[in-house]
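Colleague: Following this line is upload_27.txt, made up of compact mmCIF, C-alpha atoms and all ligand atoms:
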# COMPACT_ATOMS: atom_id res chain seq x y z
CA MET E 259 -61.76 5.08 -15.33
CA ILE E 260 -65.30 3.92 -15.73
CA GLU E 261 -68.45 5.19 -14.12
CA LYS E 262 -71.62 3.17 -13.55
CA PRO E 263 -73.83 1.62 -14.83
CA PHE E 264 -71.64 -1.49 -14.78
CA GLY E 265 -74.20 -3.61 -16.58
CA HIS E 266 -77.89 -3.80 -15.74
CA ASP E 267 -77.94 -7.17 -13.94
CA LEU E 268 -75.52 -9.88 -12.88
CA PRO E 269 -74.99 -11.57 -16.28
CA SER E 270 -74.40 -8.26 -18.09
CA ALA E 271 -71.98 -7.10 -15.35
CA VAL E 272 -70.01 -10.33 -15.64
CA ALA E 273 -69.92 -9.95 -19.43
CA LEU E 274 -68.72 -6.34 -19.12
CA ASP E 275 -65.94 -7.33 -16.70
CA LYS E 276 -64.80 -10.05 -19.11
CA ARG E 277 -64.60 -7.54 -21.95
CA LEU E 278 -62.70 -5.04 -19.82
CA LEU E 279 -60.21 -7.68 -18.74
CA ARG E 280 -59.41 -8.39 -22.37
CA VAL E 281 -57.95 -4.89 -22.72
CA ALA E 282 -56.65 -4.09 -19.23
CA HIS E 283 -55.55 -5.80 -16.02
CA GLU E 284 -57.86 -5.57 -13.05
CA ASN E 285 -55.40 -3.25 -11.26
CA GLN E 286 -55.51 -0.84 -14.20
CA ILE E 287 -59.28 -0.48 -14.08
CA PHE E 288 -60.77 2.24 -11.84
CA ARG E 289 -64.52 1.79 -11.43
CA ILE E 290 -66.07 4.87 -9.87
CA ASP E 291 -68.68 4.95 -7.16
CA HIS E 292 -68.72 8.64 -6.30
CA TYR E 293 -70.05 7.89 -2.79
CA LEU E 294 -66.62 6.53 -1.89
CA GLY E 295 -65.10 9.94 -2.58
CA LYS E 296 -67.28 11.65 0.02
CA GLU E 297 -65.44 12.68 3.21
CA THR E 298 -68.23 11.47 5.44
CA VAL E 299 -68.23 8.04 3.79
CA GLN E 300 -64.49 7.70 4.31
CA ASN E 301 -65.02 8.83 7.88
CA ILE E 302 -66.96 5.62 8.58
CA LEU E 303 -63.67 3.73 8.63
CA VAL E 304 -62.04 6.26 10.93
CA LEU E 305 -65.01 6.33 13.27
CA ARG E 306 -65.03 2.54 13.51
CA PHE E 307 -61.35 1.75 13.66
CA ALA E 308 -59.66 4.81 15.18
CA ASN E 309 -61.87 4.98 18.26
CA GLY E 310 -61.32 2.38 20.91
CA PHE E 311 -64.86 2.43 22.29
CA VAL E 312 -66.64 1.76 19.00
CA GLU E 313 -65.40 -1.58 17.75
CA PRO E 314 -66.10 -3.60 20.93
CA LEU E 315 -69.76 -2.55 20.64
CA TRP E 316 -70.03 -3.03 16.90
CA ASN E 317 -71.73 -6.41 16.75
CA ARG E 318 -74.87 -8.43 17.40
CA ASP E 319 -74.38 -8.36 21.18
CA HIS E 320 -74.93 -4.61 21.32
CA ILE E 321 -76.57 -3.49 18.09
CA ASP E 322 -80.30 -3.92 17.56
CA HIS E 323 -80.44 -2.92 13.89
CA VAL E 324 -79.00 -0.56 11.27
CA GLN E 325 -80.86 1.83 8.96
CA ILE E 326 -79.36 3.27 5.80
CA THR E 327 -81.30 6.06 4.13
CA VAL E 328 -80.54 7.85 0.88
CA ALA E 329 -83.44 10.25 0.42
CA GLU E 330 -83.46 12.62 -2.54
CA THR E 331 -85.74 15.53 -3.30
CA VAL E 332 -84.86 15.53 -6.99
CA GLY E 333 -86.96 13.64 -9.50
CA VAL E 334 -85.39 12.17 -12.60
CA GLU E 335 -83.85 15.53 -13.63
CA GLY E 336 -84.63 15.25 -17.33
CA ARG E 337 -83.18 11.72 -17.55
CA GLY E 338 -86.62 10.11 -17.94
CA LYS E 339 -85.62 7.93 -20.84
CA SER E 340 -82.57 6.32 -19.28
CA TYR E 341 -84.00 6.30 -15.76
CA ASP E 342 -87.08 4.46 -16.86
CA GLY E 343 -84.96 1.54 -17.99
CA THR E 344 -83.05 1.62 -14.70
CA GLY E 345 -85.17 2.43 -11.65
CA ALA E 346 -84.18 3.15 -8.06
CA LEU E 347 -82.97 -0.36 -7.28
CA ARG E 348 -80.36 -0.56 -10.04
CA ASP E 349 -79.50 3.14 -9.87
CA MET E 350 -78.71 3.31 -6.16
CA VAL E 351 -78.64 0.01 -4.30
CA PRO E 352 -75.90 -2.32 -5.58
CA ASN E 353 -73.56 0.66 -5.74
CA HIS E 354 -74.06 3.60 -3.35
CA LEU E 355 -76.15 1.90 -0.65
CA PHE E 356 -74.04 -1.24 -0.69
CA GLN E 357 -70.89 0.86 -0.30
CA LEU E 358 -72.34 2.25 2.90
CA LEU E 359 -73.49 -1.20 3.97
CA THR E 360 -70.07 -2.76 3.47
CA LEU E 361 -68.24 0.00 5.32
CA ILE E 362 -70.56 -0.45 8.30
CA GLY E 363 -70.49 -4.24 8.12
CA MET E 364 -66.90 -5.14 7.23
CA GLU E 365 -64.31 -6.70 9.51
CA PRO E 366 -61.23 -4.59 10.31
CA PRO E 367 -58.87 -4.90 7.35
CA SER E 368 -55.22 -5.75 8.04
CA HIS E 369 -54.07 -2.68 6.07
CA LEU E 370 -55.64 0.41 4.55
CA ASN E 371 -54.45 -0.57 1.10
CA ALA E 372 -56.78 -1.31 -1.79
CA ASP E 373 -56.47 -5.10 -1.74
CA ALA E 374 -57.11 -5.49 1.98
CA LEU E 375 -60.01 -3.02 2.08
CA ARG E 376 -61.72 -4.36 -0.97
CA ALA E 377 -61.38 -7.98 0.13
CA GLU E 378 -63.13 -7.24 3.44
CA LYS E 379 -65.90 -5.32 1.74
CA ALA E 380 -66.53 -8.13 -0.72
CA LYS E 381 -66.88 -10.60 2.15
CA VAL E 382 -69.83 -8.61 3.53
CA LEU E 383 -71.67 -8.83 0.23
CA HIS E 384 -70.94 -12.54 -0.05
CA ALA E 385 -72.50 -13.00 3.40
CA VAL E 386 -75.80 -11.31 2.47
CA ARG E 387 -78.63 -13.77 2.95
CA PRO E 388 -80.63 -14.30 -0.27
CA LEU E 389 -83.48 -11.81 -0.27
CA ASP E 390 -87.10 -12.81 -0.55
CA PRO E 391 -88.43 -10.16 -2.97
CA ARG E 392 -92.02 -10.46 -1.78
CA ARG E 393 -91.32 -10.38 1.93
CA ASP E 394 -88.18 -8.28 2.32
CA VAL E 395 -88.58 -5.61 -0.37
CA VAL E 396 -90.99 -2.73 -1.00
CA ARG E 397 -90.98 -0.60 -4.10
CA GLY E 398 -92.87 2.57 -4.98
CA GLN E 399 -93.29 5.24 -7.63
CA TYR E 400 -93.91 8.92 -6.93
CA GLY E 401 -97.18 10.53 -7.78
CA ALA E 402 -97.85 14.26 -7.90
CA GLY E 403 -97.17 16.35 -4.83
CA ARG E 404 -95.32 19.33 -3.42
CA ILE E 405 -91.77 19.69 -2.23
CA GLY E 406 -91.63 22.90 -0.21
CA ASP E 407 -93.36 25.50 -2.38
CA THR E 408 -92.79 23.65 -5.62
CA ALA E 409 -95.46 21.53 -7.27
CA VAL E 410 -94.04 18.25 -8.56
CA ALA E 411 -95.64 16.27 -11.38
CA ALA E 412 -96.09 12.51 -11.05
CA TYR E 413 -93.23 10.33 -12.33
CA ARG E 414 -95.42 9.09 -15.19
CA GLN E 415 -95.90 12.70 -16.33
CA GLU E 416 -92.13 13.35 -16.58
CA PRO E 417 -90.82 13.89 -20.11
CA ASP E 418 -89.84 10.63 -21.88
CA VAL E 419 -91.45 8.43 -19.23
CA PRO E 420 -94.21 6.08 -20.51
CA ARG E 421 -97.61 6.95 -19.01
CA ASP E 422 -97.98 3.37 -17.80
CA SER E 423 -94.39 3.00 -16.54
CA GLN E 424 -93.82 0.23 -13.99
CA THR E 425 -90.42 1.62 -12.97
CA GLU E 426 -89.81 2.13 -9.26
CA THR E 427 -88.48 5.45 -7.97
CA TYR E 428 -88.32 4.17 -4.39
CA VAL E 429 -87.12 0.97 -2.83
CA ALA E 430 -86.84 -0.22 0.78
CA MET E 431 -85.49 -3.56 1.89
CA LYS E 432 -84.59 -5.62 4.90
CA MET E 433 -81.28 -7.40 4.62
CA ALA E 434 -79.42 -9.90 6.77
CA ILE E 435 -75.69 -10.45 6.87
CA ASP E 436 -75.11 -14.05 7.79
CA ASN E 437 -71.90 -14.03 9.75
CA TRP E 438 -70.86 -14.13 13.40
CA ARG E 439 -70.76 -10.38 13.81
CA TRP E 440 -74.18 -9.65 12.36
CA ALA E 441 -76.38 -12.73 12.73
CA GLY E 442 -79.82 -11.55 13.85
CA VAL E 443 -79.17 -7.83 13.21
CA PRO E 444 -81.39 -6.54 10.40
CA PHE E 445 -80.07 -3.89 8.02
CA TYR E 446 -82.91 -1.77 6.64
CA LEU E 447 -82.11 0.17 3.47
CA ARG E 448 -84.25 2.74 1.69
CA THR E 449 -83.79 5.19 -1.13
CA GLY E 450 -86.15 7.24 -3.20
CA LYS E 451 -86.64 10.25 -5.39
CA ALA E 452 -89.01 13.20 -4.95
CA LEU E 453 -89.06 12.75 -1.17
CA GLY E 454 -89.68 15.57 1.27
CA ARG E 455 -86.08 16.04 2.29
CA ARG E 456 -82.62 15.35 0.91
CA ARG E 457 -80.75 13.31 3.43
CA THR E 458 -78.23 10.49 3.41
CA GLU E 459 -77.60 8.95 6.78
CA ILE E 460 -76.83 5.73 8.57
CA THR E 461 -78.29 5.01 11.98
CA VAL E 462 -76.91 2.29 14.17
CA GLN E 463 -79.41 1.59 16.91
CA PHE E 464 -78.09 -0.08 20.04
CA ARG E 465 -79.99 -2.57 22.14
CA GLN E 466 -82.21 -1.19 24.86
CA ALA E 467 -80.87 -1.10 28.38
CA PRO E 468 -83.03 -3.20 30.73
CA LEU E 469 -85.77 -1.17 32.37
CA THR E 470 -85.48 -3.02 35.69
CA LEU E 471 -83.74 -0.26 37.59
CA PHE E 472 -86.57 2.15 36.82
CA ARG E 473 -89.37 -0.23 37.80
CA ASP E 474 -90.56 2.03 40.60
CA THR E 475 -90.45 5.24 38.58
CA PRO E 476 -92.91 6.68 36.03
CA VAL E 477 -90.47 5.70 33.23
CA GLU E 478 -92.23 3.31 30.87
CA ARG E 479 -89.65 3.03 28.15
CA LEU E 480 -86.09 4.20 27.67
CA PRO E 481 -85.09 6.17 24.59
CA PRO E 482 -82.96 3.99 22.30
CA ASN E 483 -79.28 4.84 22.01
CA ASP E 484 -78.41 5.47 18.43
CA LEU E 485 -75.40 6.64 16.56
CA THR E 486 -76.18 8.44 13.32
CA LEU E 487 -73.65 9.15 10.63
CA HIS E 488 -74.85 12.13 8.64
CA ILE E 489 -73.41 11.75 5.16
CA GLN E 490 -75.16 14.63 3.37
CA PRO E 491 -76.21 17.42 3.15
CA GLU E 492 -75.34 17.81 6.83
CA GLU E 493 -72.01 16.17 7.46
CA GLY E 494 -71.30 14.83 10.91
CA VAL E 495 -72.08 12.30 13.59
CA SER E 496 -74.67 12.37 16.35
CA LEU E 497 -75.29 10.16 19.36
CA ARG E 498 -78.57 9.91 21.22
CA PHE E 499 -78.69 8.87 24.83
CA GLY E 500 -81.04 9.08 27.78
CA VAL E 501 -80.86 11.94 30.29
CA LYS E 502 -82.82 12.71 33.40
CA ILE E 503 -85.37 15.45 32.98
CA PRO E 504 -84.65 17.87 35.87
CA GLY E 505 -87.19 17.58 38.67
CA PRO E 506 -88.08 15.65 41.79
CA THR E 507 -89.09 12.39 40.04
CA VAL E 508 -87.07 10.21 37.69
CA ARG E 509 -88.16 10.92 34.15
CA ILE E 510 -85.95 10.24 31.16
CA ASP E 511 -85.68 11.87 27.77
CA GLY E 512 -83.44 11.39 24.74
CA ALA E 513 -80.64 13.94 24.24
CA ASN E 514 -78.49 14.41 21.18
CA MET E 515 -74.74 14.95 21.12
CA LYS E 516 -73.69 16.28 17.75
CA PHE E 517 -70.48 16.67 15.82
CA SER E 518 -70.64 18.75 12.66
CA TYR E 519 -67.87 18.80 10.08
CA SER E 520 -68.62 22.33 9.01
CA ASP E 521 -68.44 23.69 12.58
CA ALA E 522 -65.29 21.76 13.44
CA PHE E 523 -63.27 22.18 10.27
CA GLU E 524 -65.08 24.79 8.21
CA ALA E 525 -65.05 22.05 5.59
CA GLN E 526 -66.83 22.61 2.30
CA PRO E 527 -68.85 19.60 1.13
CA SER E 528 -67.45 18.10 -2.08
CA THR E 529 -69.15 15.84 -4.59
CA GLY E 530 -66.67 13.00 -4.19
CA TYR E 531 -65.39 13.12 -7.74
CA GLU E 532 -62.51 15.49 -6.85
CA THR E 533 -61.01 12.93 -4.50
CA LEU E 534 -61.49 10.05 -6.91
CA ILE E 535 -59.89 11.76 -9.88
CA TYR E 536 -56.88 12.66 -7.74
CA ASP E 537 -56.56 9.12 -6.34
CA CYS E 538 -56.78 7.62 -9.81
CA MET E 539 -53.97 9.88 -11.00
CA MET E 540 -51.91 8.67 -8.03
CA GLY E 541 -52.75 5.04 -8.88
CA ASP E 542 -54.46 4.45 -5.53
CA ALA E 543 -57.38 2.08 -6.06
CA SER E 544 -58.60 1.94 -2.43
CA LEU E 545 -61.70 4.00 -3.18
CA PHE E 546 -62.58 2.22 -6.41
CA GLN E 547 -64.59 -0.90 -7.00
CA PRO E 548 -63.11 -4.18 -8.16
CA ALA E 549 -65.08 -6.56 -10.38
CA GLU E 550 -65.71 -8.81 -7.37
CA THR E 551 -67.79 -6.31 -5.38
CA ILE E 552 -69.66 -5.14 -8.47
CA GLU E 553 -70.67 -8.68 -9.24
CA ALA E 554 -71.43 -9.55 -5.62
CA GLY E 555 -73.66 -6.44 -5.44
CA TRP E 556 -75.63 -7.45 -8.51
CA GLY E 557 -75.80 -11.02 -7.20
CA ALA E 558 -77.50 -9.80 -4.03
CA ILE E 559 -80.27 -7.93 -5.86
CA GLN E 560 -80.70 -10.31 -8.79
CA PRO E 561 -83.58 -12.22 -7.09
CA ILE E 562 -85.48 -8.92 -6.82
CA LEU E 563 -84.88 -8.00 -10.46
CA ASP E 564 -86.05 -11.47 -11.51
CA ALA E 565 -89.16 -11.39 -9.35
CA TRP E 566 -90.21 -7.93 -10.55
CA GLN E 567 -89.73 -8.94 -14.13
CA GLN E 568 -91.57 -12.24 -13.85
CA ASP E 569 -94.44 -11.16 -11.62
CA PRO E 570 -96.18 -7.92 -12.53
CA ARG E 571 -98.61 -8.50 -9.64
CA ILE E 572 -95.96 -7.46 -7.13
CA PRO E 573 -97.36 -4.14 -5.89
CA LEU E 574 -95.91 -0.82 -7.04
CA PRO E 575 -97.62 1.62 -4.68
CA VAL E 576 -97.72 5.31 -5.57
CA TYR E 577 -96.41 7.71 -2.91
CA ASP E 578 -96.89 11.47 -2.77
CA ALA E 579 -93.98 13.56 -3.96
CA GLY E 580 -92.72 15.51 -0.96
CA GLY E 581 -93.56 12.71 1.48
CA MET E 582 -91.42 9.93 2.91
CA GLY E 583 -92.27 7.10 0.55
CA PRO E 584 -94.98 4.44 0.54
CA THR E 585 -96.61 3.37 3.80
CA GLU E 586 -95.73 -0.22 2.85
CA ALA E 587 -92.12 0.68 3.69
CA ASP E 588 -93.21 1.64 7.20
CA GLU E 589 -94.96 -1.71 7.50
CA LEU E 590 -91.74 -3.50 6.60
CA LEU E 591 -90.28 -2.23 9.89
CA ALA E 592 -93.51 -2.24 11.87
CA ARG E 593 -93.62 -6.03 11.38
CA ASP E 594 -90.41 -6.17 13.41
CA HIS E 595 -91.75 -3.61 15.95
CA ARG E 596 -89.38 -0.96 14.63
CA ARG E 597 -89.71 2.41 12.92
CA TRP E 598 -87.76 4.35 10.35
CA ARG E 599 -85.94 7.36 11.69
CA ARG E 600 -87.93 10.47 10.89
CA ILE E 601 -86.50 12.54 8.14
CA ILE E 602 -89.15 15.18 7.76
CA ARG E 603 -89.73 17.00 11.02
C1 LIG T 701 -76.21 8.85 -9.12
C2 LIG T 701 -77.59 8.40 -9.55
O1 LIG T 701 -75.32 7.76 -9.18
O2 LIG T 701 -76.25 9.32 -7.78
C3 LIG T 701 -78.57 9.57 -9.42
O3 LIG T 701 -77.55 7.95 -10.89
C4 LIG T 701 -78.53 10.11 -8.00
O4 LIG T 701 -79.89 9.14 -9.76
C5 LIG T 701 -77.10 10.44 -7.60
O5 LIG T 701 -79.33 11.30 -7.96
C6 LIG T 701 -77.03 10.83 -6.13
O6 LIG T 701 -75.76 11.35 -5.84
P1 LIG T 701 -75.55 12.37 -4.64
O7 LIG T 701 -74.07 12.57 -4.58
O8 LIG T 701 -76.33 13.59 -4.98
O9 LIG T 701 -76.09 11.67 -3.44
Starting from the file, lay out its structure as structure tokens.
Ligand code: BG6

Modeller:
Amino acid sequence: MIEKPFGHDLPSAVALDKRLLRVAHENQIFRIDHYLGKETVQNILVLRFANGFVEPLWNRDHIDHVQITVAETVGVEGRGKSYDGTGALRDMVPNHLFQLLTLIGMEPPSHLNADALRAEKAKVLHAVRPLDPRRDVVRGQYGAGRIGDTAVAAYRQEPDVPRDSQTETYVAMKMAIDNWRWAGVPFYLRTGKALGRRRTEITVQFRQAPLTLFRDTPVERLPPNDLTLHIQPEEGVSLRFGVKIPGPTVRIDGANMKFSYSDAFEAQPSTGYETLIYDCMMGDASLFQPAETIEAGWGAIQPILDAWQQDPRIPLPVYDAGGMGPTEADELLARDHRRWRRIIR
């Protein structure tokens, strides 16, 4: 069993896989991504494939865009030295965020076994359109601020972090999956440390209904329908839809229908590792990563790593600890006339 980091870029990941394959067969290697052990992450498959109404809508005809957010309130938690050589992109994106991306984006596998599942997930990563690091990606680094009642020092003031560090603690990006299901549907991903709220969630926003029917009413715009998968700390699913505000005229508001794991099952959140250790002992590799997806993940972000290394002029805006990240990340969506889902109320 091996836990990340699996290399620090594509060439080093390929070299690591080669070394591992000298001592073990691929099916004997269990590469951990602890996100895959989380109940709510595994629930993505059940939600998509065990509910007849979901899959027919799960494509470019009905979905406007997808947002994946992994917001953390923690800073670097005393890991300044190693984190500074890593940064948010390497630490979170090709692994945890791409796991969520592939589960949302994959085609239905023919079986639930490891080979079938992993093959479908790899195909999603292979279909990612090459990113333009200057246009599609925003990075940031936290400055001083407050999270709740606690004062937080700037990243560059953390122990073992160089005072002139250029390491990002936040990254947001716009991705495209170039296949028949997803052509034209942007996937917006963001993750950062020292943000105002801890929250991992995926929002699938459906296309707007046409407003024509309400032409003669005061309704100017309809609330978007979105389905949000709450991964942590709340665990559940919610669906937003339009309802009529009671009264003599037609006015419409967004209402939320919510399912919560803790209410329904009195389930205790787990870290994910419990499940993975058990599965490994049983020899079930479904929730582990094969070399192919690791390498495809690094391949997708390699252009960003290269650009950041070669061009120090690419901006690294500072955002306030306790906020929601740099305003440049809001602009990334505003350009497309969209907005991030609010995380801090
Ligand atoms: C780890 C990263 O893989 O995942 C950490 O190295 C991050 O930087 C952690 O804080 C997040 O895990 P979780 O389960 O708290 O979302």

Colleague: Neighbours of stretch 498-510 of chain E within 9 Å (all atoms listed in the file; same-chain residues fewer than 3 positions away dropped), as JSON, numbers by chain?

Modeller: {"E": [472, 475, 476, 477, 479, 480, 481, 482, 483, 484, 485, 486, 513, 514, 515, 516]}

Colleague: Counting only C-alpha atoms and all ligand atoms, which protein, DNA or RNA residues come within 7 Å of ligand LIG 701 (chain T), given as a VMD selection string?

Modeller: chain E and resid 292 to 293 330 334 349 to 350 529

Colleague: Give me, please, the distance in Å between atom CA of E:Glu416 and atom CA of E:Gly336, quoted to one decimal.

Modeller: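 Those two atoms sit 7.8 Å apart.
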
Colleague: Tell me which of E:Gln560, E:Ser496, E:Gln463, E:Thr533 sits closest to E:His320, counting all atoms listed in the file.

Modeller: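 Among the listed residues, E:Gln463 lies closest to E:His320.
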
Colleague: Given only C-alpha atoms as the basis, pick out the residue of E:Arg571, E:Glu493, E:Glu378, E:Ala409 nearest to E:Gln357.

Modeller: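 Closest to E:Gln357 of all the choices is E:Glu378.
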
Colleague: Looking at all atoms listed in the file, which of E:Glu524, E:Glu532, E:Glu261, E:Asp342 is the one that sits closest to E:Val419?

Modeller: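 Among the listed residues, E:Asp342 lies closest to E:Val419.
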
Colleague: Give the answer as one residue: which of E:Val462, E:Val328, E:Ala441, E:Leu359 has the shortest atom-to-atom distance to E:Val312, using only C-alpha atoms?

Modeller: E:Val462

Colleague: With only C-alpha atoms as the basis for distance, which of E:Glu297, E:Glu589, E:Asp275, E:Glu459 is at the shortest distance from E:Thr551?

Modeller: E:Asp275

Colleague: Could you jot down the atom CA of E:Lys262 to atom CA of E:Leu361 separation for me, Å, one decimal place?

Modeller: 19.4 Å

Colleague: Write out as a PDB file with C-alpha atoms, in the frame of the given file the residues lying within 6 Å of E:Glu426, counting only C-alpha atoms and excluding same-chain residues fewer than 5 positions away.

Modeller:
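Listed below is the output, around-v3.pdb:
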ATOM      1  CA  GLY E 345     -85.170   2.430 -11.650  1.00  0.00           C
ATOM      2  CA  ALA E 346     -84.180   3.150  -8.060  1.00  0.00           C
ATOM      3  CA  ARG E 397     -90.980  -0.600  -4.100  1.00  0.00           C
ATOM      4  CA  GLY E 398     -92.870   2.570  -4.980  1.00  0.00           C
ATOM      5  CA  GLN E 399     -93.290   5.240  -7.630  1.00  0.00           C
TER       6      GLN E 399
END

Colleague: Find, counting all atoms listed in the file, the residue in E:Glu365, E:Asp594, E:Asp267, E:Asp373 that gets nearest to E:Trp316.

Modeller: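 The answer is E:Glu365, which sits nearest to E:Trp316.
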